[in-house]
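Before any comments, here is the structure.
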Amino acid sequence: MLTLNGKADLLSMNIPELEEFLITLGEPKYRAKQIFAWMHRGVGIDGMTDISKKLREKLHETAVVDLPTIEEKLVSKLDGTVKYLFGLHDGNVIESVFMRYKHGNTICISSEVGCPMGCKFCASTIGGLVRKLRPAELLGQVIAAEHDIGERISNIVMMGIGEPLDNYDNTLKFLSLVGDPAGLNIGSRHISLSTCGLVDKIDELAKCDLQITLSISLHAADDETRSSIMPINNKWKISELLDACRRYFAVTGRRISFEYTLIAGKNDSPEYARRLAHTLKQGLYRGSKPFPIHVNLIPVNEVEESGFSRSSNDAVKRFSDTLNSLGVNATVRRKLGGDINASCGQLRRAKLKAAQEKIAEN
């Protein structure tokens, strides 16, 4: 059982675990579904009005419902995108982004405080990993945003701060909790998980046979380029990563999306697009089962520390057109929240820099 400051972490529990916990308190286990439903609506112990005052007192003494607090909230005047800086129990902060699409409301959540992966173009990894998020902290981002917005969230993207597969066990528990019909009831087909390419964890995830959409942060067509911007490539080369993708698809039958950040002068030329098409086809078009390739193109978010520049609109179009002409389905991610700095890691980074500057002044 997960605990927080010596108390049971209720929001990290599924219903059977809640039942077992209630039994230890001398309470009937049928209360578990009531408590579970309240928590997933963003209600704390005091607000659980259909359980006795005595049980609520016991819960206060022995347990905690750990939901994040809204430290900062930015709302885009362009498209209604909402960026949250959530505060955690220990003073750390993480980011989530709420977006409206025609197919439903989507939230992009963080999986860790900071990130250990060291990708050169990403603000989230500056300063490295602080700690991994518990299931309650993953789930809490969805609950807190839904409670604040007052609208149902139907889709989740695990593409915020951190590497979900580096936080593997807690990520799997979160996927189970968020899909429970007694709670948020967001099914696996409405969840996308992004990874920079932890091959061993991709193989483990395949064995779970979940119906999530796996997104691979590729960002390069050759090992030299990828290793220069993504240290994970020094452990698993592109060929090994694509082999894992084929194995994953063979087991799950679920299409894999390849995320590709376009960096001016580094990986955004038509020639490089042709190299990318060749790499993907060579690595994926093997075996009898056809592999549907989709590349999601993302002009780089300019981060002061990286020195990388955003590709021009013309360069992005040429790259996309080249891939499509070679039979590789490519789309350009629509940028939302352009007026609120909604890109991953930047709000947290600004908060940390401000705190450091204040310390330096004193």
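By convention in this document, the chains of the structure tokens carry letters A, B, ... by their order, each chain's residues are numbered from 1, and ligands are numbered from 1 in the order they are shown.
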Might you pull out every residue within 6 Å of Gly140 (chain A), with only C-alpha atoms counted and same-chain residues fewer than 4 positions away left off, and present them as a VMD selection string?
chain A and resid 67 136 144
Any chance you can output those residues with C-alpha atoms as a PDB file, in the first residue's frame?
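Below you can see out12.pdb, which holds the result:
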```pdb
ATOM      1  CA  LEU A  67      -5.110  16.174  -5.196  1.00  0.00           C
ATOM      2  CA  ALA A 136      -2.583   9.590  -7.359  1.00  0.00           C
ATOM      3  CA  ALA A 144      -8.296  18.621 -10.874  1.00  0.00           C
TER       4      ALA A 144
END
```
Test item: residues at most 12 Å from region 314-326 of chain A, only C-alpha atoms, excluding those fewer than 3 positions along its chain, as an MDAnalysis selection string:
chainID A and resid 260:281 293:300 310:311 329:333
Choose the residue, out of A:Ile238, A:Leu284, A:Thr81, A:Glu19, that has the smallest atom-to-atom separation from Thr225 (chain A); count only C-alpha atoms.
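Closest to Thr225 (chain A), using only C-alpha atoms: A:Ile238.
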So how far away is CA of Gly307 (chain A) from CA of Ser96 (chain A), in Å?
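Taking CA of Ser96 (chain A) and CA of Gly307 (chain A), their separation equals 24.8 Å.
Excluding Gly26 (chain A) itself and any same-chain residue fewer than 6 positions from it, the protein and nucleic acid residues within 12 Å of it, counting only C-alpha atoms, are Glu19, Glu20, Lys54, Leu55, Lys58 and Leu59 of chain A.
Here the question is which of A:Tyr168, A:Val157, A:Glu57, A:Asp200 gets nearest to Ile212 (chain A) using only C-alpha atoms, and that residue is A:Val157.
For the choices A:Arg334, A:Ser52, A:Asn105, A:Pro68, the atom-to-atom distance to Glu27 (chain A) is smallest for A:Ser52 when using only C-alpha atoms.
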Give the answer as one residue: which of A:Lys120, A:Lys33, A:Arg131, A:Arg254 has the shortest atom-to-atom distance to Pro231 (chain A), using only C-alpha atoms?
A:Lys120
Please identify all polymer residues within 7 Å of Ala32 (chain A), counting only C-alpha atoms, omitting same-chain residues fewer than 3 positions from it, and present them as a count of residues only.
6
Exercise: Ser111 (chain A) partners within 8 Å, only C-alpha atoms, chain neighbours under 2 positions left out, as a compact mmCIF listing (two decimals) with N, CA and C atoms, in the first residue's frame:
```txt
# COMPACT_ATOMS: atom_id res chain seq x y z
N ILE A 109 -0.81 15.30 -19.69
CA ILE A 109 -0.36 15.25 -18.30
C ILE A 109 1.13 14.92 -18.19
N VAL A 113 8.34 14.54 -12.02
CA VAL A 113 8.81 15.89 -11.72
C VAL A 113 10.20 16.00 -12.33
N LYS A 132 9.63 10.58 -9.35
CA LYS A 132 8.53 10.04 -10.14
C LYS A 132 7.19 10.36 -9.47
N LEU A 133 6.16 10.49 -10.26
CA LEU A 133 4.83 10.77 -9.73
C LEU A 133 4.12 9.48 -9.34
N LEU A 138 -0.65 11.28 -10.95
CA LEU A 138 -0.99 11.19 -12.36
C LEU A 138 -2.49 11.42 -12.54
N MET A 158 -0.21 11.29 -22.49
CA MET A 158 0.90 11.27 -21.54
C MET A 158 2.15 11.75 -22.27
N GLY A 160 3.52 15.07 -21.25
CA GLY A 160 4.01 16.23 -20.52
C GLY A 160 5.39 15.98 -19.96
N ILE A 161 5.68 16.60 -18.82
CA ILE A 161 6.99 16.49 -18.21
C ILE A 161 7.25 15.04 -17.78
N GLY A 162 8.44 14.54 -18.12
CA GLY A 162 8.83 13.20 -17.71
C GLY A 162 8.66 12.14 -18.79
N GLU A 163 9.17 10.96 -18.50
CA GLU A 163 9.11 9.78 -19.39
C GLU A 163 8.19 8.75 -18.73
N PRO A 164 6.99 8.53 -19.27
CA PRO A 164 6.04 7.60 -18.65
C PRO A 164 6.59 6.20 -18.41
N ASN A 167 8.62 5.62 -15.40
CA ASN A 167 7.75 5.51 -14.22
C ASN A 167 6.73 4.40 -14.48
N THR A 171 2.65 4.25 -13.90
CA THR A 171 1.90 4.53 -15.12
C THR A 171 0.85 3.45 -15.39
```
Do you have the CA of Lys237 (chain A)-CA of Asp223 (chain A) distance handy?
6.3 Å
